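Trainee: Below is the structure I would like to discuss, written out as structure tokens.
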Amino acid sequence: MKRTMMMAAMLLLAIVVSAQKPEDVLNTTRRANKYFMEKYADPTQPTFVKRVRPSSLWTRAVYYEGLMELLKIDPQQQYIDYAMKWAEFHKWTPRNGVKTTDADDQCCGQTYINLLPYTKTGDKGVLANLFQNLDNQMATGRHNYWTWIDAIQMAMPLYAQAYILTGNRAYLDYAMESYRWTRDECGGGLFNKKNGFWWRDADFVPPYKEKDGNDCYWSRGDGWVYAALVRVMQTIGKKDKYYKELKKDFIMMSKAFASCQREDGFWNCSLVSPATFGGKEATGTSLFLYGMSWGIQNGILKAKVYRPICDKAWNALDKESVHADGFLGYIQGTGKQPSDSQPVTYTSVPDFEDFGTGCFLLGACEYYKLIKKD
């Protein structure tokens, strides 16, 4: 009798989790974005976390990636105005100018390119400084700048966008060579080809171990790469020769992430080492939701396997991360490993709120598109 009741309860939970309505997802997403836009009403203002930084830094750039995805499913002039004011204030230029080779500085360029249709003329001349920056970096002939996996998300999609916008394939070729260097050579290769996880940088490759003896795979770090592959693949399209190569990694990563989702729908800060700075965390969860939702829609991932994972992830974010006013809980602040910016709780305020909102918007918008097809 108890077994029957337990099975019935599990079935009921599965039905409740999967019965998401697109309009409810959109309203929750709007609420989180509204909180951010109202709190940071002037997008030109610099940030003040320990020191002054311009609002073109990577944390804010990730927010705008999410905002551009929200614009696709919820067209509102206020989103365009907010982003355009930001881009124009920074003169459509990477943080730290045209000579920077730091992927974090280049991240803002992804949104600059997405905003081009909203300029008065649509002339890509406004992007002159951005292209000069990419050209300067490619001219060095080096492909070993991306020494940390976050950099793949910050810069690789930008080079793919530059290729599509200009028709110059050198941009995409350069990005792929840089990706392969990070994947296969940096620190002996940051991609674990045996299981599909990524080490954050050379400091974490074997023999480094967490205190419980497991490898250290950082949730958000792996999520950055996952999101980058989505953004590049959807930009270059299935017919591009690089698509298959990226798709292979994407599938392997999807299997890895599917294997370690928590029962409550979140992923731990430390993906396979919950005893060492585990705990629910919303940015990695949002990025995995983003990738899996996209993968299902594009026929790469099997819905019967990955849709329940997405439903659980959204249910966790919706019920346990998003506050009534739109503030997001369980956001790990900046860092490079599971132990940074701890503790991560429902009420803790991360040092930077912008990239957390951006990750959430990416995942929520893609999940909205997935369930809208039901």
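Residue names in the structure tokens use chain letters A, B, ... in the order shown, residue numbers from 1 in each chain, and ligand numbers from 1 in the order shown.
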Based on DSSP run over this structure's backbone, return all residues of range 12-245 of chain A in alpha helix (DSSP H), as a compact mmCIF listing (two decimals) with C-alpha atoms, in the first residue's frame.
Mentor:
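So the final result, stored in result-v2.txt, reads:
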```
# COMPACT_ATOMS: atom_id res chain seq x y z
CA LEU A 12 1.56 13.52 -9.34
CA LEU A 13 4.79 15.45 -8.77
CA ALA A 14 5.93 14.69 -12.31
CA ILE A 15 2.63 15.95 -13.70
CA VAL A 16 2.82 19.14 -11.64
CA VAL A 17 6.43 19.81 -12.66
CA SER A 18 5.73 19.28 -16.35
CA PRO A 22 4.23 29.50 -21.33
CA GLU A 23 2.53 32.65 -20.06
CA ASP A 24 3.54 31.83 -16.48
CA VAL A 25 7.15 31.32 -17.52
CA LEU A 26 7.13 34.61 -19.41
CA ASN A 27 5.60 36.50 -16.49
CA THR A 28 8.24 35.15 -14.11
CA THR A 29 10.95 36.10 -16.58
CA ARG A 30 9.56 39.60 -16.94
CA ARG A 31 9.48 39.96 -13.17
CA ALA A 32 13.14 39.09 -12.78
CA ASN A 33 14.12 41.47 -15.57
CA LYS A 34 11.90 44.26 -14.24
CA TYR A 35 13.61 44.02 -10.87
CA PHE A 36 17.00 44.44 -12.52
CA MET A 37 16.04 47.28 -14.87
CA GLU A 38 14.42 49.25 -12.06
CA LYS A 39 17.32 48.75 -9.66
CA TRP A 58 31.59 41.19 -18.78
CA THR A 59 29.12 40.87 -15.94
CA ARG A 60 26.84 43.49 -17.48
CA ALA A 61 27.46 42.19 -20.99
CA VAL A 62 26.06 38.79 -19.98
CA TYR A 63 22.93 40.51 -18.72
CA TYR A 64 22.42 42.07 -22.14
CA GLU A 65 22.80 38.68 -23.81
CA GLY A 66 19.83 37.58 -21.75
CA LEU A 67 17.90 40.77 -22.46
CA MET A 68 18.32 40.24 -26.21
CA GLU A 69 16.80 36.78 -25.81
CA LEU A 70 13.89 38.25 -23.86
CA LEU A 71 13.39 40.80 -26.63
CA LYS A 72 12.83 37.93 -29.09
CA ILE A 73 9.93 36.46 -27.14
CA GLN A 77 10.68 49.14 -26.88
CA GLN A 78 11.94 49.66 -23.34
CA TYR A 79 14.35 46.75 -23.75
CA ILE A 80 15.73 48.24 -26.96
CA ASP A 81 16.04 51.71 -25.46
CA TYR A 82 17.81 50.39 -22.36
CA ALA A 83 20.33 48.41 -24.40
CA MET A 84 20.88 51.12 -27.01
CA LYS A 85 21.61 53.74 -24.36
CA TRP A 86 24.25 51.39 -22.96
CA ALA A 87 25.87 50.60 -26.32
CA GLU A 88 25.91 54.22 -27.48
CA PHE A 89 27.38 55.41 -24.19
CA ALA A 103 37.73 37.84 -23.77
CA ASP A 104 35.94 39.45 -20.82
CA ASP A 105 36.44 42.85 -22.45
CA GLN A 106 35.02 41.61 -25.74
CA CYS A 108 29.85 43.32 -24.80
CA GLY A 109 30.39 43.03 -28.56
CA GLN A 110 27.86 40.20 -28.81
CA THR A 111 25.06 42.59 -27.88
CA TYR A 112 26.50 45.42 -29.97
CA ILE A 113 26.08 43.24 -33.05
CA ASN A 114 22.57 42.18 -32.01
CA LEU A 115 21.61 45.84 -31.66
CA ALA A 128 34.42 49.82 -36.45
CA ASN A 129 36.16 49.75 -33.07
CA LEU A 130 34.81 46.30 -32.32
CA PHE A 131 36.11 44.87 -35.59
CA GLN A 132 39.43 46.65 -35.17
CA ASN A 133 39.78 44.94 -31.83
CA LEU A 134 39.09 41.47 -33.27
CA ASP A 135 41.38 42.13 -36.22
CA ASN A 136 44.17 43.24 -33.89
CA GLN A 137 43.91 40.04 -31.89
CA MET A 138 43.83 37.78 -34.95
CA ALA A 139 46.87 39.62 -36.35
CA ASP A 150 34.57 31.27 -19.16
CA ALA A 151 36.41 32.99 -22.01
CA ILE A 152 34.82 30.62 -24.51
CA GLN A 153 31.41 32.10 -23.75
CA MET A 154 32.67 35.66 -23.54
CA ALA A 155 34.33 35.72 -26.96
CA MET A 156 33.70 32.71 -29.18
CA PRO A 157 30.09 33.62 -30.11
CA LEU A 158 31.29 37.13 -31.00
CA TYR A 159 33.73 35.82 -33.59
CA ALA A 160 30.94 33.67 -35.06
CA GLN A 161 28.68 36.72 -35.26
CA ALA A 162 31.46 38.72 -36.91
CA TYR A 163 31.79 36.03 -39.57
CA ILE A 164 28.08 36.02 -40.36
CA LEU A 165 27.89 39.82 -40.45
CA THR A 166 30.95 40.36 -42.67
CA ALA A 170 38.74 34.21 -40.86
CA TYR A 171 36.79 35.24 -37.77
CA LEU A 172 35.19 31.84 -37.36
CA ASP A 173 38.37 29.96 -38.21
CA TYR A 174 40.23 31.92 -35.56
CA ALA A 175 37.55 31.17 -32.97
CA MET A 176 37.62 27.45 -33.70
CA GLU A 177 41.40 27.28 -33.46
CA SER A 178 41.22 29.12 -30.13
CA TYR A 179 38.49 26.77 -28.89
CA ARG A 180 40.53 23.71 -29.84
CA TRP A 181 43.58 25.10 -28.05
CA THR A 182 41.60 25.56 -24.83
CA ARG A 183 39.89 22.21 -25.25
CA ASP A 184 42.90 20.09 -26.15
CA SER A 219 28.85 24.45 -12.39
CA ARG A 220 28.86 27.92 -13.90
CA GLY A 221 32.18 27.38 -15.65
CA ASP A 222 30.86 24.33 -17.45
CA GLY A 223 27.64 26.24 -18.09
CA TRP A 224 29.56 29.01 -19.83
CA VAL A 225 30.99 26.57 -22.35
CA TYR A 226 27.60 24.93 -22.85
CA ALA A 227 25.97 28.29 -23.59
CA ALA A 228 28.80 29.27 -25.93
CA LEU A 229 28.33 26.16 -28.05
CA VAL A 230 24.62 26.91 -28.35
CA ARG A 231 25.25 30.49 -29.38
CA VAL A 232 27.85 29.53 -31.95
CA MET A 233 25.88 26.63 -33.45
CA GLN A 234 22.70 28.66 -33.82
CA THR A 235 24.71 31.46 -35.42
CA ILE A 236 26.62 29.42 -38.01
CA LYS A 241 31.53 22.36 -41.36
CA TYR A 242 32.21 23.28 -37.73
CA TYR A 243 28.66 22.57 -36.60
CA LYS A 244 29.17 18.80 -36.41
CA GLU A 245 32.35 19.20 -34.39
```
Trainee: Would you kindly return, as a compact mmCIF listing (two decimals) with all heavy atoms, in the first residue's frame, each protein, DNA or RNA residue with an atom no farther than 12 Å from any atom of Thr283 in chain A, considering only C-alpha atoms and excluding same-chain residues fewer than 2 positions away?
Mentor:
```txt
# COMPACT_ATOMS: atom_id res chain seq x y z
N VAL A 62 26.85 40.03 -20.04
CA VAL A 62 26.06 38.79 -19.98
C VAL A 62 24.60 39.11 -19.73
O VAL A 62 23.71 38.46 -20.28
CB VAL A 62 26.62 37.85 -18.89
CG1 VAL A 62 25.67 36.68 -18.66
CG2 VAL A 62 28.01 37.35 -19.28
N TYR A 63 24.33 40.11 -18.91
CA TYR A 63 22.93 40.51 -18.72
C TYR A 63 22.29 40.88 -20.05
O TYR A 63 21.16 40.46 -20.36
CB TYR A 63 22.81 41.70 -17.75
CG TYR A 63 21.46 42.36 -17.88
CD1 TYR A 63 20.31 41.74 -17.37
CD2 TYR A 63 21.30 43.55 -18.59
CE1 TYR A 63 19.06 42.31 -17.54
CE2 TYR A 63 20.05 44.13 -18.76
CZ TYR A 63 18.92 43.51 -18.24
OH TYR A 63 17.68 44.05 -18.43
N TRP A 218 33.29 23.02 -12.01
CA TRP A 218 32.51 24.15 -11.50
C TRP A 218 31.26 24.35 -12.35
O TRP A 218 31.33 24.50 -13.57
CB TRP A 218 33.40 25.39 -11.51
CG TRP A 218 32.76 26.64 -11.01
CD1 TRP A 218 31.91 26.78 -9.95
CD2 TRP A 218 32.95 27.95 -11.54
NE1 TRP A 218 31.56 28.09 -9.79
CE2 TRP A 218 32.18 28.83 -10.75
CE3 TRP A 218 33.70 28.47 -12.61
CZ2 TRP A 218 32.14 30.21 -11.00
CZ3 TRP A 218 33.66 29.82 -12.85
CH2 TRP A 218 32.90 30.68 -12.06
N SER A 219 30.13 24.39 -11.69
CA SER A 219 28.85 24.45 -12.39
C SER A 219 28.78 25.58 -13.41
O SER A 219 28.50 25.36 -14.58
CB SER A 219 27.71 24.60 -11.36
OG SER A 219 26.46 24.68 -11.99
N ARG A 220 29.02 26.81 -12.97
CA ARG A 220 28.86 27.92 -13.90
C ARG A 220 29.93 27.90 -14.99
O ARG A 220 29.65 28.26 -16.13
CB ARG A 220 28.87 29.26 -13.17
CG ARG A 220 28.56 30.42 -14.11
CD ARG A 220 28.19 31.70 -13.39
NE ARG A 220 29.26 32.30 -12.66
CZ ARG A 220 29.26 32.51 -11.34
NH1 ARG A 220 28.23 32.14 -10.62
NH2 ARG A 220 30.28 33.09 -10.74
N GLY A 221 31.14 27.46 -14.64
CA GLY A 221 32.18 27.38 -15.65
C GLY A 221 31.79 26.46 -16.78
O GLY A 221 31.91 26.79 -17.97
N ASP A 222 31.31 25.26 -16.43
CA ASP A 222 30.86 24.33 -17.45
C ASP A 222 29.65 24.89 -18.19
O ASP A 222 29.49 24.70 -19.40
CB ASP A 222 30.52 22.98 -16.82
CG ASP A 222 31.75 22.11 -16.62
OD1 ASP A 222 32.81 22.63 -16.21
OD2 ASP A 222 31.68 20.91 -16.88
N GLY A 223 28.81 25.61 -17.46
CA GLY A 223 27.64 26.24 -18.09
C GLY A 223 28.02 27.28 -19.11
O GLY A 223 27.35 27.44 -20.14
N TRP A 224 29.10 28.01 -18.85
CA TRP A 224 29.56 29.01 -19.83
C TRP A 224 29.89 28.35 -21.16
O TRP A 224 29.51 28.84 -22.23
CB TRP A 224 30.81 29.72 -19.32
CG TRP A 224 30.66 30.74 -18.23
CD1 TRP A 224 31.47 30.89 -17.14
CD2 TRP A 224 29.68 31.79 -18.11
NE1 TRP A 224 31.05 31.95 -16.36
CE2 TRP A 224 29.95 32.52 -16.93
CE3 TRP A 224 28.58 32.17 -18.90
CZ2 TRP A 224 29.19 33.60 -16.52
CZ3 TRP A 224 27.82 33.26 -18.48
CH2 TRP A 224 28.12 33.96 -17.32
N ALA A 227 26.68 27.18 -22.96
CA ALA A 227 25.97 28.29 -23.59
C ALA A 227 26.69 28.77 -24.84
O ALA A 227 26.06 29.11 -25.85
CB ALA A 227 25.81 29.43 -22.60
N PHE A 266 17.98 21.64 -9.20
CA PHE A 266 19.17 22.46 -9.36
C PHE A 266 20.38 21.59 -9.70
O PHE A 266 20.30 20.36 -9.70
CB PHE A 266 19.48 23.21 -8.05
CG PHE A 266 18.60 24.39 -7.78
CD1 PHE A 266 17.53 24.30 -6.88
CD2 PHE A 266 18.84 25.62 -8.37
CE1 PHE A 266 16.73 25.40 -6.60
CE2 PHE A 266 18.05 26.73 -8.10
CZ PHE A 266 16.98 26.60 -7.22
N TRP A 267 21.51 22.26 -9.98
CA TRP A 267 22.81 21.61 -10.01
C TRP A 267 23.66 22.19 -8.90
O TRP A 267 23.48 23.35 -8.51
CB TRP A 267 23.51 21.82 -11.36
CG TRP A 267 23.11 20.84 -12.41
CD1 TRP A 267 23.75 19.68 -12.74
CD2 TRP A 267 21.98 20.93 -13.30
NE1 TRP A 267 23.09 19.04 -13.78
CE2 TRP A 267 22.00 19.79 -14.14
CE3 TRP A 267 20.94 21.85 -13.47
CZ2 TRP A 267 21.04 19.56 -15.12
CZ3 TRP A 267 19.98 21.63 -14.44
CH2 TRP A 267 20.04 20.49 -15.25
N ASN A 268 24.56 21.38 -8.36
CA ASN A 268 25.46 21.85 -7.31
C ASN A 268 26.50 22.82 -7.86
O ASN A 268 26.85 22.77 -9.05
CB ASN A 268 26.22 20.66 -6.70
CG ASN A 268 25.32 19.79 -5.85
OD1 ASN A 268 24.68 20.25 -4.91
ND2 ASN A 268 25.27 18.51 -6.19
N CYS A 269 27.04 23.66 -6.99
CA CYS A 269 28.17 24.51 -7.38
C CYS A 269 29.31 23.64 -7.87
O CYS A 269 29.95 23.94 -8.88
CB CYS A 269 28.63 25.35 -6.20
SG CYS A 269 27.45 26.58 -5.62
N LYS A 280 22.46 24.03 -3.96
CA LYS A 280 21.75 24.53 -5.14
C LYS A 280 22.32 25.87 -5.60
O LYS A 280 22.69 26.72 -4.79
CB LYS A 280 20.26 24.64 -4.84
CG LYS A 280 19.90 25.44 -3.61
CD LYS A 280 18.41 25.32 -3.24
CE LYS A 280 18.09 23.97 -2.65
NZ LYS A 280 16.69 23.92 -2.14
N GLU A 281 22.40 26.02 -6.92
CA GLU A 281 23.01 27.22 -7.50
C GLU A 281 22.29 27.54 -8.80
O GLU A 281 22.08 26.68 -9.64
CB GLU A 281 24.49 27.00 -7.74
CG GLU A 281 25.32 28.28 -7.85
CD GLU A 281 25.19 28.98 -9.19
OE1 GLU A 281 25.30 28.30 -10.22
OE2 GLU A 281 24.97 30.21 -9.19
N THR A 285 22.52 26.24 -13.20
CA THR A 285 21.23 25.62 -13.51
C THR A 285 20.57 26.31 -14.70
O THR A 285 20.04 25.66 -15.60
CB THR A 285 20.31 25.67 -12.28
OG1 THR A 285 20.90 24.91 -11.21
CG2 THR A 285 18.94 25.10 -12.59
N SER A 286 20.62 27.64 -14.72
CA SER A 286 20.01 28.40 -15.82
C SER A 286 20.71 28.11 -17.15
O SER A 286 20.05 27.98 -18.19
CB SER A 286 20.07 29.89 -15.52
OG SER A 286 19.29 30.23 -14.39
N LEU A 287 22.03 28.02 -17.12
CA LEU A 287 22.77 27.78 -18.35
C LEU A 287 22.54 26.36 -18.87
O LEU A 287 22.47 26.13 -20.08
CB LEU A 287 24.26 28.04 -18.12
CG LEU A 287 24.61 29.51 -17.83
CD1 LEU A 287 26.07 29.64 -17.39
CD2 LEU A 287 24.33 30.40 -19.04
N PHE A 288 22.43 25.39 -17.97
CA PHE A 288 22.13 24.03 -18.40
C PHE A 288 20.70 23.96 -18.97
O PHE A 288 20.45 23.27 -19.96
CB PHE A 288 22.30 23.05 -17.24
CG PHE A 288 23.70 22.99 -16.70
CD1 PHE A 288 23.93 22.81 -15.35
CD2 PHE A 288 24.80 23.13 -17.53
CE1 PHE A 288 25.22 22.76 -14.84
CE2 PHE A 288 26.10 23.09 -17.04
CZ PHE A 288 26.31 22.90 -15.68
N LEU A 289 19.78 24.67 -18.35
CA LEU A 289 18.41 24.74 -18.87
C LEU A 289 18.40 25.36 -20.26
O LEU A 289 17.69 24.89 -21.16
CB LEU A 289 17.54 25.56 -17.91
CG LEU A 289 16.10 25.84 -18.36
CD1 LEU A 289 15.31 24.54 -18.52
CD2 LEU A 289 15.41 26.79 -17.38
N TYR A 290 19.18 26.39 -20.44
CA TYR A 290 19.30 27.06 -21.74
C TYR A 290 19.77 26.08 -22.81
O TYR A 290 19.14 25.93 -23.86
CB TYR A 290 20.30 28.22 -21.59
CG TYR A 290 20.69 28.93 -22.86
CD1 TYR A 290 19.75 29.55 -23.66
CD2 TYR A 290 22.04 29.02 -23.23
CE1 TYR A 290 20.13 30.22 -24.82
CE2 TYR A 290 22.42 29.70 -24.36
CZ TYR A 290 21.46 30.31 -25.16
OH TYR A 290 21.85 30.97 -26.30
N ALA A 313 14.37 21.64 -13.71
CA ALA A 313 15.24 22.81 -13.55
C ALA A 313 14.41 24.09 -13.47
O ALA A 313 14.65 24.95 -12.60
CB ALA A 313 16.24 22.88 -14.69
N LEU A 317 14.03 26.80 -10.33
CA LEU A 317 14.30 28.23 -10.47
C LEU A 317 13.06 29.06 -10.14
O LEU A 317 13.15 30.07 -9.43
CB LEU A 317 14.77 28.53 -11.89
CG LEU A 317 16.14 27.97 -12.28
CD1 LEU A 317 16.35 28.08 -13.79
CD2 LEU A 317 17.26 28.68 -11.54
N SER A 321 14.21 30.15 -6.60
CA SER A 321 15.19 31.20 -6.86
C SER A 321 14.53 32.56 -6.99
O SER A 321 14.98 33.54 -6.38
CB SER A 321 15.98 30.88 -8.13
OG SER A 321 16.88 31.93 -8.44
N LEU A 328 16.74 37.41 -7.49
CA LEU A 328 17.09 36.01 -7.71
C LEU A 328 17.98 35.49 -6.58
O LEU A 328 19.05 36.05 -6.31
CB LEU A 328 17.84 35.86 -9.05
CG LEU A 328 17.05 36.25 -10.30
CD1 LEU A 328 17.94 36.17 -11.53
CD2 LEU A 328 15.82 35.37 -10.47
N GLY A 329 17.52 34.43 -5.94
CA GLY A 329 18.30 33.78 -4.91
C GLY A 329 19.13 32.65 -5.47
O GLY A 329 18.95 32.23 -6.61
N TYR A 330 20.04 32.14 -4.67
CA TYR A 330 20.95 31.05 -5.03
C TYR A 330 21.85 31.40 -6.23
O TYR A 330 22.18 30.54 -7.04
CB TYR A 330 20.18 29.75 -5.29
CG TYR A 330 19.50 29.22 -4.06
CD1 TYR A 330 18.11 29.24 -3.94
CD2 TYR A 330 20.24 28.72 -3.00
CE1 TYR A 330 17.48 28.77 -2.78
CE2 TYR A 330 19.62 28.25 -1.85
CZ TYR A 330 18.25 28.27 -1.75
OH TYR A 330 17.63 27.81 -0.60
N ILE A 331 22.22 32.68 -6.33
CA ILE A 331 23.16 33.12 -7.35
C ILE A 331 24.54 33.18 -6.73
O ILE A 331 24.79 33.95 -5.80
CB ILE A 331 22.79 34.51 -7.90
CG1 ILE A 331 21.42 34.50 -8.59
CG2 ILE A 331 23.87 35.01 -8.86
CD1 ILE A 331 21.38 33.75 -9.88
N GLN A 332 25.46 32.37 -7.23
CA GLN A 332 26.84 32.43 -6.77
C GLN A 332 27.51 33.64 -7.39
O GLN A 332 27.43 33.87 -8.59
CB GLN A 332 27.61 31.16 -7.14
CG GLN A 332 29.03 31.12 -6.61
CD GLN A 332 29.81 29.89 -7.05
OE1 GLN A 332 29.41 29.21 -7.99
NE2 GLN A 332 30.92 29.62 -6.39
N GLY A 333 28.18 34.43 -6.57
CA GLY A 333 28.84 35.62 -7.07
C GLY A 333 30.06 35.27 -7.92
O GLY A 333 30.28 34.12 -8.29
N THR A 334 30.85 36.27 -8.23
CA THR A 334 31.99 36.07 -9.12
C THR A 334 33.04 35.17 -8.46
O THR A 334 33.12 35.05 -7.24
CB THR A 334 32.64 37.40 -9.49
OG1 THR A 334 32.96 38.13 -8.31
CG2 THR A 334 31.70 38.23 -10.36
N VAL A 344 26.06 30.51 -0.71
CA VAL A 344 25.07 30.80 -1.74
C VAL A 344 23.71 30.37 -1.19
O VAL A 344 23.46 29.18 -1.00
CB VAL A 344 25.39 30.03 -3.04
CG1 VAL A 344 24.33 30.32 -4.10
CG2 VAL A 344 26.76 30.42 -3.55
N PRO A 350 24.59 38.48 -4.38
CA PRO A 350 25.92 38.30 -4.98
C PRO A 350 26.61 39.64 -5.18
O PRO A 350 25.96 40.69 -5.21
CB PRO A 350 25.61 37.62 -6.32
CG PRO A 350 24.23 38.08 -6.66
CD PRO A 350 23.51 38.20 -5.34
N GLU A 353 24.98 41.43 -9.53
CA GLU A 353 23.68 40.82 -9.82
C GLU A 353 23.44 40.64 -11.31
O GLU A 353 22.58 39.86 -11.72
CB GLU A 353 22.55 41.69 -9.25
CG GLU A 353 22.49 41.72 -7.74
CD GLU A 353 21.28 42.48 -7.24
OE1 GLU A 353 20.17 41.91 -7.24
OE2 GLU A 353 21.44 43.67 -6.86
N ASP A 354 24.18 41.37 -12.14
CA ASP A 354 23.84 41.45 -13.55
C ASP A 354 24.03 40.14 -14.31
O ASP A 354 23.13 39.70 -15.05
CB ASP A 354 24.60 42.58 -14.25
CG ASP A 354 26.03 42.74 -13.79
OD1 ASP A 354 26.58 41.81 -13.16
OD2 ASP A 354 26.62 43.80 -14.07
N PHE A 355 25.16 39.47 -14.13
CA PHE A 355 25.37 38.25 -14.92
C PHE A 355 24.43 37.14 -14.47
O PHE A 355 24.04 36.29 -15.27
CB PHE A 355 26.83 37.80 -14.85
CG PHE A 355 27.26 37.24 -13.53
CD1 PHE A 355 27.09 35.89 -13.24
CD2 PHE A 355 27.85 38.06 -12.58
CE1 PHE A 355 27.50 35.38 -12.02
CE2 PHE A 355 28.26 37.55 -11.36
CZ PHE A 355 28.08 36.21 -11.07
N GLY A 356 24.04 37.14 -13.18
CA GLY A 356 23.09 36.15 -12.71
C GLY A 356 21.74 36.31 -13.39
O GLY A 356 21.11 35.33 -13.80
N THR A 357 21.31 37.55 -13.52
CA THR A 357 20.05 37.82 -14.23
C THR A 357 20.18 37.43 -15.69
O THR A 357 19.25 36.86 -16.28
CB THR A 357 19.67 39.30 -14.10
OG1 THR A 357 19.60 39.66 -12.72
CG2 THR A 357 18.31 39.56 -14.76
N GLY A 358 21.33 37.70 -16.29
CA GLY A 358 21.54 37.33 -17.68
C GLY A 358 21.45 35.84 -17.90
O GLY A 358 20.80 35.37 -18.84
N CYS A 359 22.10 35.07 -17.04
CA CYS A 359 22.03 33.60 -17.14
C CYS A 359 20.59 33.14 -17.00
O CYS A 359 20.12 32.27 -17.76
CB CYS A 359 22.89 32.95 -16.06
SG CYS A 359 24.66 33.16 -16.28
N PHE A 360 19.88 33.70 -16.03
CA PHE A 360 18.49 33.31 -15.81
C PHE A 360 17.64 33.62 -17.05
O PHE A 360 16.82 32.79 -17.47
CB PHE A 360 17.92 34.03 -14.59
CG PHE A 360 16.45 33.76 -14.37
CD1 PHE A 360 16.03 32.58 -13.78
CD2 PHE A 360 15.49 34.68 -14.78
CE1 PHE A 360 14.68 32.31 -13.61
CE2 PHE A 360 14.14 34.42 -14.61
CZ PHE A 360 13.74 33.24 -14.02
N LEU A 361 17.82 34.78 -17.63
CA LEU A 361 17.05 35.15 -18.82
C LEU A 361 17.32 34.20 -19.98
O LEU A 361 16.41 33.82 -20.72
CB LEU A 361 17.35 36.59 -19.23
CG LEU A 361 16.90 37.69 -18.26
CD1 LEU A 361 17.29 39.06 -18.80
CD2 LEU A 361 15.40 37.63 -17.99
N LEU A 362 18.57 33.81 -20.15
CA LEU A 362 18.91 32.86 -21.22
C LEU A 362 18.13 31.56 -21.04
O LEU A 362 17.49 31.06 -21.96
CB LEU A 362 20.41 32.58 -21.24
CG LEU A 362 21.33 33.70 -21.74
CD1 LEU A 362 22.79 33.32 -21.50
CD2 LEU A 362 21.10 33.98 -23.21
N GLY A 363 18.20 31.00 -19.84
CA GLY A 363 17.53 29.74 -19.59
C GLY A 363 16.02 29.85 -19.66
O GLY A 363 15.35 29.01 -20.27
N ALA A 364 15.47 30.89 -19.06
CA ALA A 364 14.02 31.05 -19.02
C ALA A 364 13.44 31.26 -20.41
O ALA A 364 12.40 30.68 -20.76
CB ALA A 364 13.66 32.23 -18.11
```
Trainee: Looking at A:Met292, A:Leu246, A:Val349, A:Val98, which one is nearest to Trp314 in chain A, with distances taken over only C-alpha atoms?
Mentor: A:Met292
Trainee: My list of candidates is A:Pro75, A:Asp212, A:Phe250, A:Asn298. Which is closest to Gly237 in chain A when distances are computed with only C-alpha atoms?
Mentor: A:Asn298
Trainee: Residues of range 102-162 of chain A that approach range 190-197 of chain A to 10 Å or less, counting only C-alpha atoms: could you list each one with the shortest pair of atoms and its distance in Å to one decimal, rows by chain and increasing residue number, as JSON lines?
Mentor:
```
{"residue": "A:Thr147", "atom": "CA", "partner": "A:Leu190", "partner_atom": "CA", "distance": 9.0}
{"residue": "A:Trp148", "atom": "CA", "partner": "A:Leu190", "partner_atom": "CA", "distance": 8.5}
{"residue": "A:Ile149", "atom": "CA", "partner": "A:Leu190", "partner_atom": "CA", "distance": 7.7}
```
Trainee: Could you please write out, as a PyMOL selection string, every residue of range 89-237 of chain A that DSSP assigns to strand (DSSP E or B)?
Mentor: chain A and resi 148+191+198+201+218
Trainee: Need the shell around Pro54 in chain A: protein/DNA/RNA residues with any atom at most 8 Å away, counting only C-alpha atoms. Skip same-chain ones fewer than 2 positions apart. Format as a PyMOL selection string?
Mentor: chain A and resi 44-47+52+56-57+95
Trainee: Restricting the calculation to only C-alpha atoms: of A:Ala258, A:Val272, A:Ala303, A:Cys186, which residue gets closest to Asn214 in chain A?
Mentor: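 Closest residue, counting only C-alpha atoms: A:Val272.
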Trainee: Taking only C-alpha atoms into account, which of A:Lys50, A:Ser254, A:Lys21, A:Arg169 comes nearest Lys302 in chain A?
Mentor: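 Counting only C-alpha atoms, the residue closest to Lys302 in chain A is A:Ser254.
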Trainee: Quick one: residues within 12 Å of Lys373 in chain A, only C-alpha atoms counted, chain neighbours fewer than 4 positions away excluded, as an NGL selection string?
Mentor: :A and (20-22 or 293 or 296-297 or 366-369)
Trainee: Kindly give the distance, in Å, that separates CA of Asp325 in chain A and CA of Thr345 in chain A, rounded to a single decimal.
Mentor: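 If I compute the distance from CA of Asp325 in chain A to CA of Thr345 in chain A, I get 16.6 Å.
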Trainee: Nearest to Val49 in chain A among A:Asp351, A:Cys310, A:Asp264, A:Leu370, with distances taken over only C-alpha atoms: which residue is it?
Mentor: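 Using only C-alpha atoms, the shortest distance to Val49 in chain A belongs to A:Asp351.
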Trainee: Just checking: using only C-alpha atoms, which residue out of A:Trp198, A:Pro206, A:Cys107, A:Val322 ends up closest to Ala256 in chain A?
Mentor: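 Closest to Ala256 in chain A of all the choices is A:Trp198.
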